[in-house]
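The next block is model-v7.txt, given as compact mmCIF, C-alpha atoms and all ligand atoms.
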# COMPACT_ATOMS: atom_id res chain seq x y z
CA MET V 21 3.12 -12.90 -19.47
CA ALA V 22 4.47 -15.03 -16.62
CA GLY V 23 2.87 -18.41 -15.83
CA THR V 24 -0.70 -19.08 -14.81
CA ALA V 25 -0.19 -18.72 -11.02
CA PRO V 26 -1.87 -15.53 -9.76
CA ALA V 27 0.63 -12.71 -9.51
CA THR V 28 1.36 -10.27 -6.69
CA LEU V 29 1.42 -6.55 -7.48
CA VAL V 30 3.16 -3.97 -5.28
CA THR V 31 2.85 -0.22 -5.93
CA GLY V 32 5.87 1.96 -5.17
CA GLY V 33 8.12 -1.09 -5.45
CA ASN V 34 11.29 0.82 -6.25
CA ARG V 35 12.47 1.82 -2.77
CA GLY V 36 11.76 1.62 0.94
CA ILE V 37 9.22 -0.89 2.24
CA GLY V 38 7.89 -1.52 -1.27
CA ALA V 39 11.31 -2.63 -2.54
CA ALA V 40 11.75 -4.95 0.45
CA LEU V 41 8.29 -6.44 -0.17
CA VAL V 42 9.16 -7.06 -3.83
CA GLU V 43 12.44 -8.71 -2.82
CA ARG V 44 10.65 -10.99 -0.37
CA LEU V 45 7.65 -11.79 -2.58
CA ALA V 46 9.41 -12.33 -5.93
CA PRO V 47 10.98 -15.72 -5.04
CA ARG V 48 7.51 -16.98 -4.05
CA GLY V 49 5.79 -16.42 -7.38
CA PRO V 50 5.17 -14.00 -10.22
CA THR V 51 5.58 -10.50 -8.87
CA ILE V 52 4.70 -7.24 -10.60
CA ALA V 53 6.26 -4.09 -9.19
CA THR V 54 5.12 -0.65 -10.21
CA ALA V 55 7.07 2.57 -10.00
CA ARG V 56 6.96 6.01 -11.56
CA ALA V 57 10.58 5.64 -12.69
CA LEU V 58 11.30 2.12 -13.90
CA PRO V 59 14.65 0.51 -13.04
CA LYS V 60 17.08 0.11 -15.94
CA ASP V 61 17.17 -3.66 -15.32
CA LYS V 62 13.70 -4.84 -16.37
CA ALA V 63 13.94 -7.87 -14.06
CA HIS V 64 15.26 -5.87 -11.07
CA GLY V 65 14.53 -7.71 -7.80
CA GLY V 66 13.15 -10.67 -9.74
CA ALA V 67 9.99 -8.72 -10.57
CA GLU V 68 8.24 -7.62 -13.71
CA TRP V 69 8.13 -3.80 -13.75
CA LEU V 70 5.27 -1.63 -14.91
CA ALA V 71 5.22 2.16 -14.98
CA LEU V 72 2.66 3.76 -12.68
CA ASP V 73 2.55 7.26 -11.30
CA VAL V 74 -0.39 6.82 -8.97
CA THR V 75 -1.41 10.48 -9.39
CA ASP V 76 -1.92 9.98 -13.15
CA ALA V 77 -5.53 8.90 -13.73
CA ALA V 78 -4.78 7.81 -17.29
CA ALA V 79 -1.98 5.54 -16.05
CA PHE V 80 -4.54 3.32 -14.30
CA GLU V 81 -6.30 2.71 -17.60
CA THR V 82 -2.96 1.74 -19.13
CA LEU V 83 -2.24 -0.55 -16.16
CA ALA V 84 -5.62 -2.29 -16.45
CA HIS V 85 -5.08 -2.65 -20.17
CA ARG V 86 -1.60 -4.14 -19.65
CA LEU V 87 -2.91 -6.62 -17.08
CA ASP V 88 -5.91 -7.46 -19.26
CA GLY V 89 -7.58 -9.50 -16.51
CA ARG V 90 -4.41 -11.43 -15.63
CA PRO V 91 -5.04 -12.99 -12.20
CA VAL V 92 -3.57 -10.99 -9.31
CA GLY V 93 -3.93 -12.82 -5.99
CA LEU V 94 -2.34 -10.13 -3.82
CA LEU V 95 -2.40 -6.38 -4.41
CA VAL V 96 -0.28 -4.29 -2.05
CA CYS V 97 -1.13 -0.58 -2.13
CA ASN V 98 2.14 0.67 -0.71
CA ALA V 99 3.02 3.93 -2.53
CA GLY V 100 2.69 6.83 -0.12
CA VAL V 101 3.90 10.32 0.71
CA PHE V 102 4.44 12.25 3.95
CA VAL V 103 4.98 15.90 3.07
CA ASP V 104 3.72 17.86 6.08
CA ARG V 105 6.16 16.70 8.77
CA HIS V 106 7.68 20.19 9.18
CA GLU V 107 4.58 22.34 8.63
CA ASN V 108 3.41 24.61 11.42
CA LEU V 109 -0.15 25.26 12.47
CA ALA V 110 -0.02 29.06 12.23
CA ASP V 111 0.69 29.37 8.52
CA GLY V 112 1.49 25.94 7.09
CA PHE V 113 -0.51 23.01 5.75
CA ALA V 114 -1.34 24.72 2.43
CA PRO V 115 -4.32 23.35 0.47
CA GLN V 116 -2.04 22.00 -2.27
CA LEU V 117 -0.27 19.80 0.28
CA TRP V 118 -3.63 18.32 1.25
CA ALA V 119 -4.52 17.69 -2.39
CA ASP V 120 -1.12 16.18 -3.24
CA THR V 121 -1.13 13.89 -0.22
CA PHE V 122 -4.70 12.67 -0.61
CA ALA V 123 -4.06 12.02 -4.32
CA VAL V 124 -1.35 9.46 -3.45
CA ASN V 125 -2.41 8.12 -0.05
CA VAL V 126 -6.16 7.85 -0.61
CA THR V 127 -7.45 8.43 -4.15
CA ALA V 128 -4.74 6.28 -5.69
CA VAL V 129 -5.50 3.40 -3.33
CA PHE V 130 -9.08 3.41 -4.59
CA GLN V 131 -8.02 3.75 -8.22
CA THR V 132 -5.50 0.93 -7.92
CA VAL V 133 -8.11 -1.43 -6.47
CA GLN V 134 -10.61 -0.33 -9.13
CA ALA V 135 -8.12 -0.89 -11.98
CA LEU V 136 -7.24 -4.32 -10.62
CA LEU V 137 -10.76 -5.56 -9.89
CA PRO V 138 -10.93 -7.85 -12.97
CA SER V 139 -7.50 -9.26 -12.06
CA LEU V 140 -8.44 -9.77 -8.41
CA GLN V 141 -11.71 -11.44 -9.39
CA ALA V 142 -9.87 -13.67 -11.84
CA ALA V 143 -7.52 -14.77 -9.04
CA ALA V 144 -10.44 -15.29 -6.65
CA SER V 145 -12.14 -17.58 -9.16
CA VAL V 146 -8.94 -19.62 -9.58
CA ALA V 147 -7.71 -19.71 -5.96
CA GLY V 148 -10.89 -19.22 -3.91
CA HIS V 149 -9.92 -15.75 -2.74
CA ALA V 150 -7.72 -12.79 -3.54
CA ARG V 151 -6.19 -10.24 -1.16
CA VAL V 152 -5.78 -6.48 -1.01
CA ALA V 153 -3.32 -5.01 1.50
CA VAL V 154 -3.48 -1.26 2.11
CA ILE V 155 -0.31 0.07 3.74
CA SER V 156 -1.72 2.65 6.14
CA SER V 157 -0.14 3.94 9.35
CA GLN V 158 -0.70 4.11 13.07
CA MET V 159 -0.46 7.87 12.52
CA GLY V 160 -3.98 7.62 11.06
CA SER V 161 -5.37 6.04 14.22
CA SER V 162 -7.83 8.42 15.91
CA GLU V 163 -7.20 6.69 19.24
CA ARG V 164 -3.54 7.68 18.86
CA ALA V 165 -4.13 11.30 17.88
CA HIS V 166 -0.89 12.82 19.11
CA GLY V 167 -1.30 16.04 17.08
CA SER V 168 0.73 17.55 14.21
CA SER V 169 1.18 16.15 10.68
CA TYR V 170 -2.54 16.70 10.16
CA ILE V 171 -2.46 15.99 6.44
CA TYR V 172 -0.60 12.70 6.64
CA ARG V 173 -2.63 11.57 9.66
CA ALA V 174 -5.96 12.42 7.98
CA SER V 175 -4.90 10.73 4.74
CA LYS V 176 -3.95 7.52 6.52
CA ALA V 177 -7.18 7.58 8.55
CA ALA V 178 -9.00 7.83 5.21
CA ALA V 179 -6.94 5.02 3.71
CA THR V 180 -7.80 2.74 6.63
CA ASN V 181 -11.48 3.69 6.37
CA LEU V 182 -11.41 3.00 2.63
CA ALA V 183 -9.90 -0.43 3.26
CA MET V 184 -12.60 -1.28 5.80
CA ASN V 185 -15.42 -0.29 3.44
CA LEU V 186 -13.84 -2.11 0.48
CA ALA V 187 -13.57 -5.17 2.71
CA ARG V 188 -17.36 -5.17 3.12
CA ASP V 189 -18.07 -4.68 -0.58
CA LEU V 190 -15.46 -7.06 -1.97
CA GLU V 191 -16.12 -9.93 0.44
CA GLY V 192 -18.92 -11.23 -1.81
CA LEU V 193 -16.50 -11.25 -4.75
CA GLY V 194 -14.04 -13.41 -2.83
CA ILE V 195 -11.59 -10.57 -2.20
CA ALA V 196 -10.27 -10.00 1.35
CA VAL V 197 -9.03 -6.52 2.29
CA ALA V 198 -7.04 -5.29 5.29
CA ALA V 199 -5.06 -2.22 6.35
CA TYR V 200 -1.59 -2.47 7.90
CA HIS V 201 0.76 -0.34 9.95
CA PRO V 202 4.20 -1.42 8.67
CA GLY V 203 6.06 -0.36 11.82
CA TRP V 204 8.30 2.66 12.16
CA VAL V 205 10.72 1.68 9.43
CA ARG V 206 14.17 2.95 8.40
CA THR V 207 13.38 4.35 4.94
CA ASP V 208 13.56 7.78 3.34
CA MET V 209 10.17 8.41 4.96
CA GLY V 210 10.80 6.79 8.34
CA GLY V 211 14.32 8.20 8.72
CA PRO V 212 17.52 6.60 10.03
CA SER V 213 16.38 6.54 13.68
CA ALA V 214 13.30 4.41 13.00
CA ALA V 215 12.76 1.24 15.00
CA ILE V 216 12.97 -1.53 12.42
CA SER V 217 14.62 -2.36 9.09
CA VAL V 218 12.75 -2.73 5.80
CA GLU V 219 13.55 -6.46 5.93
CA GLU V 220 11.87 -6.88 9.33
CA SER V 221 8.87 -4.89 8.21
CA ALA V 222 8.51 -6.80 4.94
CA ALA V 223 8.91 -10.19 6.64
CA GLY V 224 6.18 -9.34 9.14
CA LEU V 225 3.88 -7.84 6.54
CA VAL V 226 4.16 -10.83 4.19
CA ALA V 227 3.24 -13.14 7.09
CA GLN V 228 0.18 -10.95 7.78
CA PHE V 229 -0.80 -10.96 4.09
CA GLU V 230 -0.63 -14.76 4.05
CA ALA V 231 -2.94 -14.90 7.07
CA LEU V 232 -5.52 -12.65 5.36
CA THR V 233 -8.61 -14.62 4.35
CA LEU V 234 -12.29 -13.92 3.86
CA GLU V 235 -12.68 -14.90 7.55
CA THR V 236 -10.17 -12.26 8.69
CA THR V 237 -11.08 -9.54 6.18
CA GLY V 238 -11.65 -5.96 7.37
CA ARG V 239 -8.91 -5.70 9.99
CA PHE V 240 -6.32 -3.03 10.77
CA LEU V 241 -3.16 -4.77 11.94
CA THR V 242 0.47 -4.01 12.64
CA TRP V 243 3.32 -5.61 10.70
CA ASP V 244 3.77 -8.05 13.60
CA GLY V 245 0.13 -9.03 13.91
CA HIS V 246 -1.26 -6.78 16.64
CA VAL V 247 -4.70 -5.20 16.25
CA MET V 248 -4.40 -1.44 15.59
CA PRO V 249 -7.08 0.76 17.13
CA PHE V 250 -8.97 2.83 14.58
P1 LIG V 301 9.45 5.89 0.99
O1 LIG V 301 9.32 7.37 1.01
O2 LIG V 301 10.76 5.25 1.29
O3 LIG V 301 8.91 5.31 -0.41
C1 LIG V 301 7.68 5.74 -0.89
C2 LIG V 301 7.34 4.95 -2.13
O4 LIG V 301 6.08 5.48 -2.64
C3 LIG V 301 8.38 5.13 -3.24
O5 LIG V 301 8.48 3.95 -3.98
C4 LIG V 301 7.77 6.23 -4.08
O6 LIG V 301 8.21 6.27 -5.42
C5 LIG V 301 6.30 5.83 -4.01
N1 LIG V 301 5.46 6.94 -4.47
C6 LIG V 301 5.27 8.15 -3.89
N2 LIG V 301 4.51 8.92 -4.70
C7 LIG V 301 4.22 8.16 -5.79
C8 LIG V 301 3.50 8.39 -6.99
N3 LIG V 301 2.90 9.57 -7.24
N4 LIG V 301 3.40 7.38 -7.89
C9 LIG V 301 4.00 6.20 -7.66
N5 LIG V 301 4.72 5.92 -6.57
C10 LIG V 301 4.83 6.91 -5.65
O7 LIG V 301 8.34 5.39 2.02
P2 LIG V 301 8.22 4.03 2.87
O8 LIG V 301 8.77 2.89 2.10
O9 LIG V 301 8.71 4.30 4.22
O10 LIG V 301 6.63 3.91 2.97
C11 LIG V 301 5.86 2.95 2.24
C12 LIG V 301 4.45 3.01 2.79
O11 LIG V 301 4.46 2.74 4.19
C13 LIG V 301 3.79 4.38 2.62
O12 LIG V 301 2.43 4.22 2.29
C14 LIG V 301 3.94 5.00 4.00
O13 LIG V 301 2.98 6.00 4.26
C15 LIG V 301 3.79 3.79 4.89
N6 LIG V 301 4.37 3.93 6.22
C16 LIG V 301 5.73 4.05 6.39
C17 LIG V 301 6.25 4.15 7.67
C18 LIG V 301 7.72 4.26 7.95
O14 LIG V 301 8.12 4.33 9.13
N7 LIG V 301 8.59 4.25 6.94
C19 LIG V 301 5.38 4.13 8.87
C20 LIG V 301 3.97 4.01 8.56
C21 LIG V 301 3.50 3.90 7.29
P3 LIG V 301 9.31 7.39 -5.93
O15 LIG V 301 10.64 6.77 -5.66
O16 LIG V 301 8.99 7.55 -7.38
O17 LIG V 301 9.08 8.64 -5.13
Any chance you could put this one into structure tokens?
Amino acid sequence: MAGTAPATLVTGGNRGIGAALVERLAPRGPTIATARALPKDKAHGGAEWLALDVTDAAAFETLAHRLDGRPVGLLVCNAGVFVDRHENLADGFAPQLWADTFAVNVTAVFQTVQALLPSLQAAASVAGHARVAVISSQMGSSERAHGSSYIYRASKAAATNLAMNLARDLEGLGIAVAAYHPGWVRTDMGGPSAAISVEESAAGLVAQFEALTLETTGRFLTWDGHVMPF
């Protein structure tokens, strides 16, 4: 177990925005990255790696057991999928796609927070507060309902809603929660034409995480600090 300073934990830390977050956060303190396939180098990116397929309910029990109440001051729920980009309204959007997407983008966010509650509370008692960052998307904003990608949009709307309700319930435990749009980012998901690099996104997001306190809990913000409409 790394030192006594509360750790940061990032889900889906193996590629894309998650990997850039791990790279940026690891030099600042103990950082735990989770991934379904662990890197061969156990200290890859300066992080400690734990196996977690966020669709595997039993894996959350294992994760909680491994952490054993170790203080986690920042939890970043980053793992996500976007599988309905090319579906069409007439005969696409099969029920299994809904189930698979909600399992990762919504249910797993809840299960990750639930599994880490003892660790977040431990950090809050040491440091005064702990933080949960839910990586959502502007595609889940109902004020920006541009149509298409119904499954991804609905899942991200649910993830943002979940973050807002957790913010209310966890405030009294000293845990601040916010949802973030990471920008349109050049990753496997965002594609090569996206507006910003993973480094720009991660730099902005980490600055937003650092500004998250019990006074600012319950917000939906962009990577560069703008308020996102729900
Ligand atoms: P990527 O597709 O590049 O990476 C997705 C990450 O999620 C990978 O680490 C992947 O792991 C992980 N993941 C997916 N399913 C599971 C699972 N069942 N268990 C564990 N990990 C899983 O996406 P981005 O980095 O672009 O996206 C990161 C987050 O940002 C997502 O929540 C996404 O919705 C959100 N976002 C991204 C935007 C963009 O423009 N890129 C815009 C708005 C929001 P594996 O390698 O094992 O598949």
Counting only C-alpha atoms and all ligand atoms, which protein, DNA or RNA residues come within 8 Å of ligand LIG 301 (chain V), given as JSON, numbers by chain?
{"V": [31, 32, 33, 34, 35, 36, 37, 38, 39, 54, 55, 56, 57, 72, 73, 74, 75, 76, 97, 98, 99, 100, 101, 102, 123, 124, 125, 155, 156, 157, 158, 159, 172, 176, 201, 202, 203, 204, 205, 206, 207, 208, 209, 210, 211, 214, 218]}
When you look at Pro91 in chain V with a cut-off of 8 Å (counting only C-alpha atoms), what residues show up, excluding the ones that are within fewer than 6 positions of it in the same chain? I need them as a list of chain:residue names.
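Contacts, with the query itself left out: V:Thr24, V:Ala25, V:Pro26, V:Ala27, V:Pro138, V:Ser139, V:Leu140, V:Gln141, V:Ala142, V:Ala143.
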Enter the distance from CA of Phe240 in chain V to CA of Arg44 in chain V, in Å, rounded to one decimal.
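Between CA of Phe240 in chain V and CA of Arg44 in chain V the gap is 21.8 Å.
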Non-local contacts of Leu136 in chain V (9 Å; all atoms listed in the file; under 4 positions in same chain excluded) as a count of residues only
11
One decimal, in Å: what's the spacing between CA of Ser221 in chain V and CA of Asp120 in chain V?
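So the answer is 26.0 Å.
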What is the CA of Ala174 in chain V-CA of Ala40 in chain V distance in Å, reported with one decimal?
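Straight-line distance from CA of Ala174 in chain V to CA of Ala40 in chain V works out to 25.9 Å.
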All heavy atoms are needed for range 90-101 of chain V; please write them out as a PDB file, in the coordinates of the input.
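That gives us result18.pdb:
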ATOM      1  N   ARG V  90      -5.356 -10.436 -16.166  1.00  0.00           N
ATOM      2  CA  ARG V  90      -4.410 -11.430 -15.630  1.00  0.00           C
ATOM      3  C   ARG V  90      -4.630 -11.593 -14.129  1.00  0.00           C
ATOM      4  O   ARG V  90      -4.697 -10.591 -13.404  1.00  0.00           O
ATOM      5  CB  ARG V  90      -2.989 -10.942 -15.926  1.00  0.00           C
ATOM      6  CG  ARG V  90      -1.904 -11.755 -15.262  1.00  0.00           C
ATOM      7  CD  ARG V  90      -0.564 -11.171 -15.633  1.00  0.00           C
ATOM      8  NE  ARG V  90       0.502 -11.751 -14.858  1.00  0.00           N
ATOM      9  CZ  ARG V  90       1.774 -11.400 -14.974  1.00  0.00           C
ATOM     10  NH1 ARG V  90       2.118 -10.459 -15.844  1.00  0.00           N
ATOM     11  NH2 ARG V  90       2.702 -11.961 -14.238  1.00  0.00           N
ATOM     12  N   PRO V  91      -4.735 -12.826 -13.625  1.00  0.00           N
ATOM     13  CA  PRO V  91      -5.040 -12.990 -12.200  1.00  0.00           C
ATOM     14  C   PRO V  91      -3.989 -12.370 -11.271  1.00  0.00           C
ATOM     15  O   PRO V  91      -2.792 -12.623 -11.439  1.00  0.00           O
ATOM     16  CB  PRO V  91      -5.085 -14.520 -12.015  1.00  0.00           C
ATOM     17  CG  PRO V  91      -5.362 -15.062 -13.373  1.00  0.00           C
ATOM     18  CD  PRO V  91      -4.696 -14.117 -14.335  1.00  0.00           C
ATOM     19  N   VAL V  92      -4.438 -11.559 -10.351  1.00  0.00           N
ATOM     20  CA  VAL V  92      -3.570 -10.990  -9.310  1.00  0.00           C
ATOM     21  C   VAL V  92      -4.159 -11.414  -7.958  1.00  0.00           C
ATOM     22  O   VAL V  92      -5.254 -11.000  -7.590  1.00  0.00           O
ATOM     23  CB  VAL V  92      -3.474  -9.460  -9.419  1.00  0.00           C
ATOM     24  CG1 VAL V  92      -2.746  -8.866  -8.212  1.00  0.00           C
ATOM     25  CG2 VAL V  92      -2.747  -9.064 -10.708  1.00  0.00           C
ATOM     26  N   GLY V  93      -3.430 -12.262  -7.255  1.00  0.00           N
ATOM     27  CA  GLY V  93      -3.930 -12.820  -5.990  1.00  0.00           C
ATOM     28  C   GLY V  93      -3.654 -11.939  -4.795  1.00  0.00           C
ATOM     29  O   GLY V  93      -4.315 -12.059  -3.755  1.00  0.00           O
ATOM     30  N   LEU V  94      -2.669 -11.058  -4.916  1.00  0.00           N
ATOM     31  CA  LEU V  94      -2.340 -10.130  -3.820  1.00  0.00           C
ATOM     32  C   LEU V  94      -1.962  -8.785  -4.410  1.00  0.00           C
ATOM     33  O   LEU V  94      -1.017  -8.695  -5.197  1.00  0.00           O
ATOM     34  CB  LEU V  94      -1.162 -10.670  -2.984  1.00  0.00           C
ATOM     35  CG  LEU V  94      -0.557  -9.699  -1.958  1.00  0.00           C
ATOM     36  CD1 LEU V  94      -1.579  -9.324  -0.881  1.00  0.00           C
ATOM     37  CD2 LEU V  94       0.697 -10.305  -1.304  1.00  0.00           C
ATOM     38  N   LEU V  95      -2.713  -7.770  -4.034  1.00  0.00           N
ATOM     39  CA  LEU V  95      -2.400  -6.380  -4.410  1.00  0.00           C
ATOM     40  C   LEU V  95      -1.953  -5.649  -3.149  1.00  0.00           C
ATOM     41  O   LEU V  95      -2.689  -5.636  -2.156  1.00  0.00           O
ATOM     42  CB  LEU V  95      -3.648  -5.699  -4.992  1.00  0.00           C
ATOM     43  CG  LEU V  95      -3.589  -4.159  -5.076  1.00  0.00           C
ATOM     44  CD1 LEU V  95      -2.479  -3.699  -6.003  1.00  0.00           C
ATOM     45  CD2 LEU V  95      -4.937  -3.599  -5.521  1.00  0.00           C
ATOM     46  N   VAL V  96      -0.769  -5.075  -3.185  1.00  0.00           N
ATOM     47  CA  VAL V  96      -0.280  -4.290  -2.050  1.00  0.00           C
ATOM     48  C   VAL V  96      -0.228  -2.818  -2.452  1.00  0.00           C
ATOM     49  O   VAL V  96       0.589  -2.427  -3.297  1.00  0.00           O
ATOM     50  CB  VAL V  96       1.124  -4.755  -1.592  1.00  0.00           C
ATOM     51  CG1 VAL V  96       1.524  -4.001  -0.322  1.00  0.00           C
ATOM     52  CG2 VAL V  96       1.158  -6.261  -1.366  1.00  0.00           C
ATOM     53  N   CYS V  97      -1.116  -2.024  -1.868  1.00  0.00           N
ATOM     54  CA  CYS V  97      -1.130  -0.580  -2.130  1.00  0.00           C
ATOM     55  C   CYS V  97      -0.173   0.072  -1.151  1.00  0.00           C
ATOM     56  O   CYS V  97      -0.527   0.348   0.001  1.00  0.00           O
ATOM     57  CB  CYS V  97      -2.552  -0.027  -1.943  1.00  0.00           C
ATOM     58  SG  CYS V  97      -3.736  -0.716  -3.107  1.00  0.00           S
ATOM     59  N   ASN V  98       1.055   0.241  -1.600  1.00  0.00           N
ATOM     60  CA  ASN V  98       2.140   0.670  -0.710  1.00  0.00           C
ATOM     61  C   ASN V  98       2.578   2.107  -0.949  1.00  0.00           C
ATOM     62  O   ASN V  98       2.998   2.795  -0.015  1.00  0.00           O
ATOM     63  CB  ASN V  98       3.337  -0.283  -0.911  1.00  0.00           C
ATOM     64  CG  ASN V  98       4.621   0.282  -0.362  1.00  0.00           C
ATOM     65  OD1 ASN V  98       4.844   0.302   0.849  1.00  0.00           O
ATOM     66  ND2 ASN V  98       5.479   0.788  -1.240  1.00  0.00           N
ATOM     67  N   ALA V  99       2.508   2.583  -2.205  1.00  0.00           N
ATOM     68  CA  ALA V  99       3.020   3.930  -2.530  1.00  0.00           C
ATOM     69  C   ALA V  99       2.389   4.958  -1.586  1.00  0.00           C
ATOM     70  O   ALA V  99       1.178   4.944  -1.356  1.00  0.00           O
ATOM     71  CB  ALA V  99       2.707   4.274  -3.978  1.00  0.00           C
ATOM     72  N   GLY V 100       3.214   5.830  -1.044  1.00  0.00           N
ATOM     73  CA  GLY V 100       2.690   6.830  -0.120  1.00  0.00           C
ATOM     74  C   GLY V 100       3.625   8.010  -0.001  1.00  0.00           C
ATOM     75  O   GLY V 100       4.813   7.921  -0.347  1.00  0.00           O
ATOM     76  N   VAL V 101       3.091   9.127   0.463  1.00  0.00           N
ATOM     77  CA  VAL V 101       3.900  10.320   0.710  1.00  0.00           C
ATOM     78  C   VAL V 101       3.569  10.903   2.087  1.00  0.00           C
ATOM     79  O   VAL V 101       2.464  10.722   2.611  1.00  0.00           O
ATOM     80  CB  VAL V 101       3.678  11.410  -0.376  1.00  0.00           C
ATOM     81  CG1 VAL V 101       4.252  10.970  -1.715  1.00  0.00           C
ATOM     82  CG2 VAL V 101       2.208  11.779  -0.511  1.00  0.00           C
TER      83      VAL V 101
END
